[in-house]
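File shown: work13.txt (compact mmCIF, C-alpha atoms).
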```
# COMPACT_ATOMS: atom_id res chain seq x y z
CA MET L 538 -39.41 3.33 -0.69
CA SER L 539 -38.54 2.27 -4.26
CA ARG L 540 -37.80 -1.36 -5.02
CA PRO L 541 -34.16 -2.15 -5.86
CA THR L 542 -33.36 -3.00 -9.46
CA ARG L 543 -30.40 -5.35 -8.92
CA ARG L 544 -29.44 -7.22 -5.78
CA LEU L 545 -26.33 -9.03 -4.58
CA VAL L 546 -26.56 -11.38 -1.61
CA ILE L 547 -23.34 -12.77 -0.13
CA ALA L 548 -23.67 -15.64 2.34
CA VAL L 549 -20.54 -15.60 4.45
CA ARG L 550 -18.99 -15.44 7.91
CA ALA L 551 -18.76 -11.65 7.83
CA ASP L 552 -17.16 -9.21 10.24
CA PRO L 553 -16.37 -9.38 13.11
CA VAL L 554 -14.88 -12.79 12.26
CA ILE L 555 -11.16 -12.54 11.54
CA CYS L 556 -10.80 -14.57 8.36
CA GLY L 557 -9.92 -13.94 4.76
CA HIS L 558 -13.36 -14.38 3.31
CA SER L 559 -14.97 -11.85 5.66
CA GLY L 560 -12.61 -9.30 4.09
CA GLU L 561 -13.39 -10.67 0.63
CA ALA L 562 -17.11 -10.20 1.23
CA ARG L 563 -16.62 -6.61 2.38
CA ASN L 564 -14.54 -5.73 -0.67
CA LEU L 565 -16.91 -7.35 -3.17
CA ALA L 566 -19.87 -5.66 -1.50
CA GLU L 567 -18.24 -2.24 -1.75
CA VAL L 568 -17.39 -2.67 -5.42
CA ALA L 569 -20.89 -3.95 -6.20
CA LEU L 570 -22.31 -0.53 -5.32
CA THR L 571 -20.21 0.95 -8.14
CA ARG L 572 -21.22 -1.71 -10.65
CA GLY L 573 -24.99 -1.30 -10.82
CA PHE L 574 -26.12 -3.22 -7.75
CA ASP L 575 -28.35 -0.95 -5.69
CA ASP L 576 -29.08 -3.45 -2.91
CA VAL L 577 -26.17 -5.42 -1.41
CA ARG L 578 -26.70 -7.73 1.55
CA LEU L 579 -24.34 -9.80 3.65
CA LEU L 580 -26.28 -12.73 5.03
CA THR L 581 -24.43 -13.94 8.10
CA TRP L 582 -24.64 -15.17 11.67
CA PRO L 583 -25.81 -13.53 14.91
CA ILE L 584 -22.85 -12.22 16.86
CA PRO L 585 -23.61 -14.30 19.99
CA THR L 586 -23.48 -17.41 17.80
CA LEU L 587 -20.07 -16.41 16.46
CA GLN L 588 -18.83 -15.70 19.96
CA ALA L 589 -20.09 -19.06 21.22
CA ALA L 590 -18.25 -20.82 18.39
CA GLY L 591 -14.93 -19.54 19.71
CA LEU L 592 -13.97 -17.89 16.43
CA PRO L 593 -11.35 -15.11 16.50
CA LEU L 594 -13.30 -11.84 16.41
CA LYS L 595 -12.39 -8.19 15.93
CA PRO L 596 -13.38 -5.74 18.70
CA LEU L 597 -17.00 -4.83 18.00
CA ASP L 598 -16.45 -1.14 18.72
CA ARG L 599 -13.68 -0.87 16.12
CA LEU L 600 -15.33 -2.38 13.05
CA LEU L 601 -15.13 -0.27 9.91
CA PRO L 602 -18.60 0.77 8.72
CA TYR L 603 -19.99 -0.42 5.41
CA SER L 604 -21.08 2.08 2.76
CA PRO L 605 -24.76 3.07 2.56
CA GLY L 606 -26.49 0.50 0.37
CA ILE L 607 -24.85 -2.47 2.11
CA THR L 608 -27.01 -4.22 4.69
CA VAL L 609 -25.63 -6.82 7.09
CA GLU L 610 -28.38 -9.25 8.03
CA ARG L 611 -28.03 -11.64 10.96
CA PRO L 612 -31.28 -13.66 11.01
CA GLU L 613 -32.22 -15.11 14.35
CA SER L 614 -32.55 -18.86 14.69
CA VAL L 615 -35.82 -20.66 13.97
CA GLY L 616 -37.27 -23.12 16.49
CA ASP L 617 -36.01 -24.02 19.92
CA TYR L 618 -32.83 -25.28 21.53
CA ARG L 619 -33.36 -28.92 20.59
CA VAL L 620 -31.93 -28.42 17.07
CA PRO L 621 -28.96 -26.10 17.78
CA ASP L 622 -27.32 -25.83 14.36
CA GLY L 623 -30.34 -26.36 12.16
CA ARG L 624 -32.16 -23.45 13.78
CA HIS L 625 -29.62 -20.95 12.53
CA ILE L 626 -29.43 -22.47 9.06
CA ALA L 627 -33.21 -22.33 8.86
CA GLY L 628 -33.08 -18.64 9.75
CA LEU L 629 -30.55 -17.90 7.01
CA THR L 630 -32.39 -19.98 4.41
CA GLY L 631 -35.77 -18.53 5.28
CA ARG L 632 -34.56 -14.95 5.03
CA LEU L 633 -33.04 -15.63 1.61
CA VAL L 634 -36.33 -17.13 0.39
CA GLU L 635 -38.03 -13.88 1.44
CA LEU L 636 -35.53 -11.89 -0.63
CA LEU L 637 -35.91 -14.21 -3.61
CA SER L 638 -39.69 -13.86 -3.48
CA GLU L 639 -39.32 -10.25 -4.58
CA PRO L 640 -39.12 -9.62 -8.35
CA VAL L 641 -35.55 -8.31 -8.20
CA PRO L 642 -32.76 -9.79 -10.38
CA THR L 643 -30.34 -11.27 -7.87
CA VAL L 644 -26.87 -12.76 -7.72
CA CYS L 645 -26.17 -15.00 -4.73
CA LEU L 646 -22.54 -15.62 -3.83
CA SER L 647 -21.50 -18.09 -1.14
CA MET L 648 -18.15 -18.48 0.55
CA TYR L 649 -17.77 -21.76 2.40
CA LEU L 650 -19.69 -24.70 0.96
CA VAL L 651 -21.15 -25.82 4.26
CA PRO L 652 -23.36 -24.24 5.23
CA HIS L 653 -23.45 -21.12 3.03
CA THR L 654 -23.67 -22.74 -0.42
CA GLN L 655 -26.13 -25.24 1.00
CA VAL L 656 -28.24 -22.34 2.33
CA ILE L 657 -28.34 -20.71 -1.09
CA ASN L 658 -29.11 -23.94 -2.93
CA ASP L 659 -31.97 -24.76 -0.57
CA ALA L 660 -33.38 -21.24 -0.69
CA VAL L 661 -33.37 -21.13 -4.50
CA ALA L 662 -35.00 -24.58 -4.71
CA SER L 663 -37.66 -23.56 -2.17
CA ALA L 664 -38.38 -20.26 -3.92
CA ARG L 665 -38.82 -22.04 -7.25
CA ALA L 666 -40.94 -24.79 -5.73
CA ALA L 667 -43.18 -22.14 -4.16
CA GLY L 668 -43.73 -20.55 -7.58
CA PHE L 669 -41.87 -17.30 -6.93
CA ASP L 670 -39.86 -17.71 -10.18
CA PRO L 671 -36.77 -15.88 -8.90
CA GLN L 672 -34.39 -14.29 -11.39
CA VAL L 673 -31.25 -15.53 -9.71
CA ARG L 674 -27.72 -16.58 -10.56
CA THR L 675 -25.66 -18.48 -8.01
CA ILE L 676 -21.89 -18.48 -7.52
CA ALA L 677 -20.11 -20.80 -5.09
CA LYS L 678 -16.57 -19.91 -4.07
CA ALA L 679 -14.41 -22.57 -2.46
CA VAL L 680 -12.28 -20.49 -0.13
CA GLY L 681 -9.63 -23.08 0.60
CA SER L 682 -10.42 -24.66 3.95
CA ASP L 683 -13.57 -26.01 2.29
CA VAL L 684 -11.14 -28.43 0.67
CA THR L 685 -8.04 -28.57 2.85
CA ASN L 686 -10.06 -28.99 6.04
CA VAL L 687 -13.58 -30.22 5.31
CA ILE L 688 -13.34 -32.39 2.18
CA ARG L 689 -9.86 -33.66 2.97
CA SER L 690 -10.91 -34.67 6.49
CA CYS L 691 -13.85 -36.61 5.02
CA LEU L 692 -11.48 -38.48 2.72
CA ARG L 693 -8.95 -39.21 5.49
CA GLU L 694 -11.74 -40.65 7.62
CA GLY L 695 -13.29 -42.65 4.79
CA ARG L 696 -16.51 -40.59 4.90
CA PHE L 697 -17.11 -40.64 1.18
CA GLY L 698 -20.81 -39.94 1.58
CA ALA L 699 -20.06 -36.60 3.22
CA ALA L 700 -17.47 -35.77 0.54
CA THR L 701 -20.07 -36.58 -2.11
CA VAL L 702 -22.54 -34.19 -0.50
CA LEU L 703 -19.93 -31.41 -0.45
CA LEU L 704 -19.05 -31.83 -4.12
CA THR L 705 -22.66 -32.04 -5.28
CA THR L 706 -23.45 -28.95 -3.21
CA PHE L 707 -20.59 -27.08 -4.88
CA LEU L 708 -21.41 -28.17 -8.43
CA ALA L 709 -25.11 -27.36 -8.07
CA SER L 710 -24.29 -23.65 -8.40
CA ASP L 711 -24.45 -21.84 -11.74
CA GLU L 712 -20.79 -20.85 -11.41
CA VAL L 713 -18.09 -22.46 -9.30
CA VAL L 714 -14.78 -20.82 -8.47
CA ALA L 715 -11.76 -21.48 -6.29
CA VAL L 716 -9.67 -18.96 -4.39
CA SER L 717 -6.41 -20.04 -6.08
CA GLU L 718 -4.96 -22.42 -8.63
CA TYR L 719 -3.73 -24.52 -5.71
CA THR L 720 -7.27 -24.78 -4.36
CA ARG L 721 -8.62 -25.69 -7.81
CA ASP L 722 -6.04 -28.47 -8.08
CA GLU L 723 -6.97 -29.72 -4.61
CA ILE L 724 -10.66 -29.77 -5.54
CA ILE L 725 -9.92 -31.85 -8.63
CA ALA L 726 -7.63 -34.21 -6.70
CA SER L 727 -10.31 -34.70 -4.05
CA ALA L 728 -12.92 -35.31 -6.73
CA GLU L 729 -10.68 -37.93 -8.37
CA GLU L 730 -10.38 -39.74 -5.05
CA VAL L 731 -14.15 -39.75 -4.57
CA ASP L 732 -14.65 -40.92 -8.17
CA ALA L 733 -12.22 -43.80 -7.68
CA HIS L 734 -14.12 -44.97 -4.61
CA CYS L 735 -17.69 -44.27 -5.68
CA GLY L 736 -17.70 -44.45 -9.48
CA THR L 737 -18.83 -40.83 -9.76
CA THR L 738 -17.76 -38.25 -12.36
CA PHE L 739 -16.96 -35.26 -10.16
CA ALA L 740 -13.38 -34.75 -11.38
CA GLU L 741 -14.37 -34.24 -15.02
CA GLN L 742 -17.01 -31.70 -13.99
CA CYS L 743 -14.54 -29.86 -11.77
CA ARG L 744 -11.85 -29.73 -14.46
CA ARG L 745 -14.37 -28.30 -16.91
CA ARG L 746 -16.21 -25.88 -14.67
CA VAL L 747 -14.05 -24.62 -11.77
CA ALA L 748 -12.40 -21.26 -12.47
CA VAL L 749 -10.06 -19.26 -10.24
CA SER L 750 -11.11 -16.03 -8.55
CA TYR L 751 -8.38 -14.61 -6.33
CA PRO L 752 -9.23 -12.79 -3.08
CA PRO L 753 -10.25 -9.16 -3.72
CA ILE L 754 -8.16 -6.57 -1.87
CA ASP L 755 -8.87 -2.88 -1.50
CA ALA L 756 -5.51 -1.82 -2.93
CA SER L 757 -6.21 1.84 -2.17
CA ALA L 758 -6.13 1.06 1.55
CA PHE L 759 -2.56 -0.26 1.29
CA LEU L 760 -0.82 1.67 -1.49
CA ASP L 761 1.36 4.65 -0.61
CA PRO L 762 0.55 5.19 3.07
CA ALA L 763 1.48 8.71 4.11
CA PRO L 764 4.93 8.71 5.77
CA ALA L 765 3.63 10.89 8.59
CA ASP L 766 0.83 8.38 9.28
CA VAL L 767 3.34 5.53 9.37
CA GLU L 768 5.62 7.38 11.77
CA ALA L 769 2.72 8.31 14.04
CA ALA L 770 1.40 4.74 14.16
CA LEU L 771 4.83 3.36 14.96
CA ALA L 772 5.42 5.99 17.65
CA ARG L 773 2.18 4.97 19.37
CA ARG L 774 3.53 1.43 19.54
CA GLY L 775 7.03 2.44 20.64
CA LEU L 776 8.51 1.38 17.29
CA ARG L 777 10.70 2.98 14.63
CA ARG L 778 10.68 2.40 10.88
CA GLY L 779 12.90 -0.54 9.99
CA SER L 780 13.35 -1.56 13.63
CA TYR L 781 11.19 -4.68 13.71
CA ILE L 782 10.26 -7.89 11.94
CA LEU L 783 6.49 -8.13 11.56
CA PHE L 784 4.25 -11.19 11.80
CA LEU L 785 0.68 -10.03 11.17
CA SER L 786 -1.69 -12.94 10.77
CA ARG L 787 -3.72 -15.44 12.75
CA VAL L 788 -1.55 -16.76 15.57
CA ALA L 789 -1.71 -20.47 14.83
CA ARG L 790 0.72 -23.34 14.40
CA ALA L 791 -0.01 -23.61 10.67
CA LYS L 792 1.10 -20.00 10.18
CA GLY L 793 4.58 -20.98 11.35
CA ILE L 794 4.49 -18.81 14.45
CA TYR L 795 6.40 -21.32 16.61
CA ASP L 796 9.11 -21.62 13.97
CA LEU L 797 9.39 -17.84 13.78
CA VAL L 798 9.76 -17.34 17.54
CA ILE L 799 12.46 -20.03 17.70
CA ALA L 800 14.21 -18.61 14.64
CA TYR L 801 14.19 -15.14 16.16
CA GLY L 802 15.98 -16.51 19.20
CA GLN L 803 18.73 -17.80 16.89
CA MET L 804 19.14 -14.64 14.79
CA LYS L 805 22.33 -12.62 14.77
CA ALA L 806 20.20 -9.52 14.10
CA ARG L 807 17.91 -9.87 17.10
CA ASP L 808 19.70 -6.99 18.82
CA ASP L 809 18.96 -4.80 15.79
CA VAL L 810 15.28 -5.61 15.31
CA LYS L 811 12.39 -6.55 17.53
CA LEU L 812 9.82 -9.19 16.63
CA VAL L 813 6.26 -7.85 16.51
CA ILE L 814 3.52 -10.49 16.58
CA ALA L 815 0.26 -8.81 15.59
CA GLY L 816 -2.93 -10.85 15.76
CA THR L 817 -4.90 -13.31 17.79
CA GLY L 818 -5.58 -17.00 17.42
CA PRO L 819 -5.52 -20.40 19.10
CA ALA L 820 -1.76 -20.42 19.73
CA LEU L 821 -1.53 -16.91 21.17
CA GLU L 822 -1.39 -17.78 24.88
CA HIS L 823 1.14 -20.54 24.33
CA VAL L 824 3.38 -18.34 22.21
CA GLN L 825 3.14 -15.55 24.79
CA ALA L 826 4.25 -18.04 27.43
CA MET L 827 7.18 -19.12 25.24
CA ALA L 828 8.30 -15.52 24.86
CA LYS L 829 7.64 -14.25 28.38
CA GLU L 830 11.38 -13.94 29.15
CA ASP L 831 12.18 -12.13 25.90
CA ASP L 832 11.41 -8.41 26.04
CA ARG L 833 12.38 -8.08 22.37
CA ILE L 834 9.16 -9.85 21.32
CA ILE L 835 6.11 -7.60 21.29
CA PHE L 836 2.50 -8.79 21.05
CA LEU L 837 -0.22 -6.59 19.54
CA THR L 838 -3.71 -8.04 19.80
CA ASP L 839 -5.72 -4.94 18.91
CA VAL L 840 -4.49 -3.97 15.43
CA ASP L 841 -7.39 -2.71 13.34
CA ASP L 842 -7.75 -2.48 9.56
CA ASP L 843 -6.54 1.13 9.47
CA GLU L 844 -3.32 0.39 11.35
CA LYS L 845 -2.41 -2.78 9.46
CA PRO L 846 -0.91 -1.16 6.32
CA LEU L 847 1.04 1.31 8.46
CA LEU L 848 2.71 -1.47 10.44
CA MET L 849 3.43 -3.32 7.21
CA ALA L 850 4.97 -0.25 5.56
CA GLY L 851 7.30 0.39 8.49
CA CYS L 852 8.76 -3.07 9.05
CA ALA L 853 12.29 -4.25 8.26
CA ALA L 854 10.82 -7.56 7.02
CA TYR L 855 7.48 -9.31 7.01
CA ALA L 856 7.63 -12.98 7.97
CA LEU L 857 4.91 -15.55 7.36
CA PRO L 858 6.62 -18.99 7.53
CA THR L 859 3.34 -20.85 6.99
CA LYS L 860 3.48 -24.65 6.88
CA PRO L 861 1.02 -27.42 6.00
CA GLU L 862 -0.91 -28.93 8.88
CA PRO L 863 -3.64 -31.62 8.76
CA ASP L 864 -6.35 -29.06 9.55
CA PHE L 865 -5.04 -26.10 7.52
CA VAL L 866 -2.96 -25.26 4.47
CA GLU L 867 -2.43 -21.67 3.32
CA THR L 868 -4.47 -21.72 0.13
CA PHE L 869 -3.50 -18.19 -0.94
CA GLY L 870 -2.20 -15.82 1.73
CA ILE L 871 -4.14 -12.56 1.60
CA ALA L 872 -1.83 -10.90 4.13
CA LEU L 873 1.11 -11.52 1.80
CA ALA L 874 -0.55 -9.61 -1.03
CA GLU L 875 -1.61 -6.83 1.34
CA LYS L 876 1.97 -6.52 2.56
CA ALA L 877 3.23 -6.39 -1.03
CA LEU L 878 0.94 -3.45 -1.74
CA SER L 879 1.97 -1.63 1.45
CA GLY L 880 5.69 -1.53 0.74
CA GLY L 881 8.23 -1.74 3.52
CA GLY L 882 10.81 -4.47 4.00
CA PRO L 883 10.97 -7.73 2.05
CA ILE L 884 8.55 -10.61 2.49
CA VAL L 885 10.00 -13.85 3.86
CA THR L 886 7.67 -16.81 3.43
CA THR L 887 7.37 -20.42 2.26
CA LEU L 888 5.93 -22.07 -0.83
CA THR L 889 3.03 -23.67 0.99
CA GLY L 890 -0.27 -24.17 -0.77
CA GLY L 891 -1.07 -21.05 -2.79
CA THR L 892 1.46 -18.62 -1.31
CA GLY L 893 3.50 -18.65 -4.52
CA GLU L 894 0.48 -17.24 -6.33
CA ALA L 895 0.22 -14.45 -3.77
CA VAL L 896 3.86 -13.33 -3.91
CA GLY L 897 5.03 -14.27 -7.43
CA ASP L 898 8.79 -13.89 -7.74
CA ALA L 899 8.99 -10.99 -5.29
CA ALA L 900 9.60 -12.71 -1.95
CA ILE L 901 12.43 -14.51 -0.17
CA ILE L 902 11.44 -18.16 0.04
CA VAL L 903 12.52 -20.64 2.71
CA GLU L 904 11.62 -24.27 3.14
CA ALA L 905 8.56 -24.75 5.33
CA GLY L 906 9.63 -25.90 8.79
CA ASP L 907 13.34 -25.10 8.29
CA ILE L 908 13.98 -22.89 11.30
CA GLY L 909 17.67 -22.41 10.56
CA ALA L 910 16.96 -21.26 7.01
CA LEU L 911 14.31 -18.87 8.31
CA ALA L 912 16.76 -17.28 10.78
CA GLU L 913 19.43 -17.00 8.07
CA ALA L 914 17.00 -15.39 5.59
CA LEU L 915 15.87 -12.80 8.13
CA ASP L 916 19.48 -12.08 9.12
CA ARG L 917 20.36 -11.51 5.47
CA VAL L 918 17.48 -9.08 5.02
CA VAL L 919 18.36 -7.08 8.13
CA LEU L 920 22.16 -7.19 8.05
CA ASP L 921 23.34 -7.78 4.49
CA MET L 922 20.75 -6.95 1.84
CA PRO L 923 21.54 -3.73 -0.06
CA ASP L 924 18.86 -1.06 -0.13
CA SER L 925 18.77 -1.29 -3.92
CA GLU L 926 17.77 -4.97 -3.73
CA LYS L 927 15.11 -4.19 -1.15
CA ARG L 928 13.66 -1.47 -3.37
CA GLU L 929 13.64 -3.83 -6.35
CA LEU L 930 11.81 -6.52 -4.37
CA GLU L 931 9.33 -3.94 -3.10
CA ALA L 932 8.56 -2.70 -6.61
CA ARG L 933 8.14 -6.23 -8.02
CA ALA L 934 5.93 -7.25 -5.11
CA ARG L 935 3.66 -4.25 -5.55
CA ALA L 936 3.37 -4.75 -9.32
CA HIS L 937 2.42 -8.41 -8.81
CA ALA L 938 -0.14 -7.67 -6.09
CA ARG L 939 -1.99 -5.01 -8.08
CA GLN L 940 -3.81 -7.78 -9.99
CA PHE L 941 -5.69 -8.59 -6.79
CA ASP L 942 -7.33 -5.17 -6.53
CA ARG L 943 -10.98 -5.65 -5.69
CA GLY L 944 -12.32 -3.86 -8.76
CA ALA L 945 -10.51 -6.14 -11.19
CA VAL L 946 -11.40 -9.27 -9.22
CA PHE L 947 -15.05 -8.23 -9.00
CA ASP L 948 -15.33 -7.53 -12.73
CA ASP L 949 -13.92 -10.93 -13.58
CA LEU L 950 -16.11 -12.79 -11.09
CA PHE L 951 -19.33 -11.00 -12.05
CA ARG L 952 -18.76 -10.93 -15.78
CA TYR L 953 -22.13 -12.55 -16.50
CA GLU L 954 -25.42 -10.71 -16.21
CA VAL L 955 -28.20 -12.21 -14.12
CA GLN L 956 -30.06 -14.75 -16.23
CA PRO L 957 -33.83 -15.38 -16.17
CA SER L 958 -34.88 -18.32 -14.07
CA ARG L 959 -34.81 -21.67 -15.80
```
Would you mind writing the structure in this file as structure tokens?
Amino acid sequence: MSRPTRRLVIAVRADPVICGHSGEARNLAEVALTRGFDDVRLLTWPIPTLQAAGLPLKPLDRLLPYSPGITVERPESVGDYRVPDGRHIAGLTGRLVELLSEPVPTVCLSMYLVPHTQVINDAVASARAAGFDPQVRTIAKAVGSDVTNVIRSCLREGRFGAATVLLTTFLASDEVVAVSEYTRDEIIASAEEVDAHCGTTFAEQCRRRVAVSYPPIDASAFLDPAPADVEAALARRGLRRGSYILFLSRVARAKGIYDLVIAYGQMKARDDVKLVIAGTGPALEHVQAMAKEDDRIIFLTDVDDDEKPLLMAGCAAYALPTKPEPDFVETFGIALAEKALSGGGPIVTTLTGGTGEAVGDAAIIVEAGDIGALAEALDRVVLDMPDSEKRELEARARAHARQFDRGAVFDDLFRYEVQPSR
């Protein structure tokens, strides 16, 4: 077997985890095969570990396969049960050292600073200390909740030492990027707070070094779905084109799902359109209990990646009334951009976090948490908005979202060649 000539390793929570950066990793991996990388590896966690963590997971028997040339590695833990988390991190780090020991130019990309960037930093340091002289370039991508959840929680709790570790881990990479302008601003604001408390200089480094790399989307999977495929998918679900409002996202309080269910109950148009809630998440059972007396609310918990654009294309409106919560802020909104590419009815959302970057000027915006305004906006879309205005919104949304196609995002992120080791 011939040795690869160029390798990409992405450390990430990959499929089957339902999260934005698992999709990002898949899309970057697929493009890498067309850009000169002949060995692409996703370094991730054993499935039993993901299941034990309680993360929302896709059905294992319905995962889309990766292209030949992409290898998903799930190293087993090292050591025994007495060090539960460290065992898995040691397995990931050790496997990466093995890859770096081979004389193959390598790019290592991490999504999520702890532990994935930490794994890469430690592996590179160990490989160099061992004398392997790896030709490696490292990229750390702050995916949003790195900041809005992890760093911000450290600052709220006065744990400046932990925040310092996170920022030094991030800045130790050769390149540092954020998933949106909002996330970049949050990183800098967090760094300023740490600097004020500790006398450090993180904010200046972040302002100078942190670039923005938006989530990569496989636009071809969403653009121009065949009308017959849309009709068939809707028929399987007992739906008709334009007969439902769609919420397709993680079912969680921060996504505005409670506001949407209450708003739907207040809508004048509820007799004209059903509410389809597609997804799983921590609030699912509670929301199902709220809606148990309303047969106009439909729950779909088994929507796969192939069906998603078809449901989006057939809806009367797509609603994502996301709102800031202490543990989560929508730092971009990948589903919003996917919906924009798919066509269908207008997007109704809020300007929370980075959602404005995802939708541009092609969505109907309501104030986060304003249930009355949400109901009124959806009523206007269903009952009053002319078809010409809907078509104009659809065209603007698609034009805006095309910039997030995975090929363009990849080429911008990987614009540097692998450099010799220092």
Practice item. Within 12 Å of Lys805 in chain L, counting only C-alpha atoms, which residues show up once you throw out same-chain ones fewer than 3 positions away? Write them as a count of residues only, please. Key: 18
Exercise for review: Please tell me which residues are no farther than 7 Å from (-39.8, -20.7, 0.7) in the file, counting all atoms listed in the file, and write them as a list in words.
Suggested key: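 Applying the cut-off with all atoms listed in the file, one gets Gly631, Val634, Ala660, Ser663, Ala664 and Ala667 of chain L.
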Practice item. Record the distance separating CA of Ala548 in chain L and CA of Asp732 in chain L, expressed in Å with one decimal. Key: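 For CA of Ala548 in chain L relative to CA of Asp732 in chain L, the distance reads 28.8 Å.
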Exercise for review: Considering only C-alpha atoms, return as an NGL selection string whatever protein or nucleic-acid residues lie within 8 Å of Thr581 in chain L, sequence-local ones (same chain, fewer than 2 positions apart) excluded.
Suggested key: :L and (548-551 or 579 or 583 or 609-612 or 629)
Check your understanding: Which of these, L:Asp843, L:Leu594, L:Ala763, L:Gly880, has the shortest distance to Lys927 in chain L once you count only C-alpha atoms?
Key ->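 Checking each of L:Asp843, L:Leu594, L:Ala763, L:Gly880 against Lys927 in chain L, counting only C-alpha atoms, the winner is L:Gly880.
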Practice item. Write out as a PyMOL selection string each polymer residue whose atoms come within 12 Å of Gly557 in chain L, counting only C-alpha atoms; drop sequence neighbours fewer than 4 positions from it. Key: chain L and resi 549-553+561-564+593+648-649+680-682+716+751-754+786-787+867-875
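Counting from CA of Val813 in chain L, the distance to CA of Leu930 in chain L is 21.6 Å.
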Please provide as a short mmCIF file (atom, residue, chain, number, x, y, z; two decimals) with C-alpha atoms, in the coordinates of the input all residues within 8 Å of range 876-879 of chain L, with the sequence filter that same-chain residues fewer than 2 positions apart are discarded (counting all atoms listed in the file).
```
data_model
loop_
_atom_site.label_atom_id
_atom_site.label_comp_id
_atom_site.auth_asym_id
_atom_site.auth_seq_id
_atom_site.Cartn_x
_atom_site.Cartn_y
_atom_site.Cartn_z
CA ALA L 756 -5.51 -1.82 -2.93
CA PHE L 759 -2.56 -0.26 1.29
CA LEU L 760 -0.82 1.67 -1.49
CA ASP L 761 1.36 4.65 -0.61
CA PRO L 762 0.55 5.19 3.07
CA PRO L 846 -0.91 -1.16 6.32
CA LEU L 847 1.04 1.31 8.46
CA MET L 849 3.43 -3.32 7.21
CA ALA L 850 4.97 -0.25 5.56
CA TYR L 855 7.48 -9.31 7.01
CA ALA L 872 -1.83 -10.90 4.13
CA LEU L 873 1.11 -11.52 1.80
CA ALA L 874 -0.55 -9.61 -1.03
CA GLY L 881 8.23 -1.74 3.52
CA ILE L 884 8.55 -10.61 2.49
CA VAL L 896 3.86 -13.33 -3.91
CA GLU L 931 9.33 -3.94 -3.10
CA ALA L 934 5.93 -7.25 -5.11
CA ARG L 935 3.66 -4.25 -5.55
CA ALA L 938 -0.14 -7.67 -6.09
CA ARG L 939 -1.99 -5.01 -8.08
#
```
Exercise for review: For CA of Thr887 in chain L and CA of Ala806 in chain L, quote the distance in Å rounded to one decimal.
Suggested key: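 It comes out at 20.6 Å.
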Check your understanding: What's the 8 Å shell around Ile794 in chain L, counting all atoms listed in the file, without same-chain residues fewer than 5 positions away, as an MDAnalysis selection string?
Key -> chainID L and resid 788:789 824 857:859
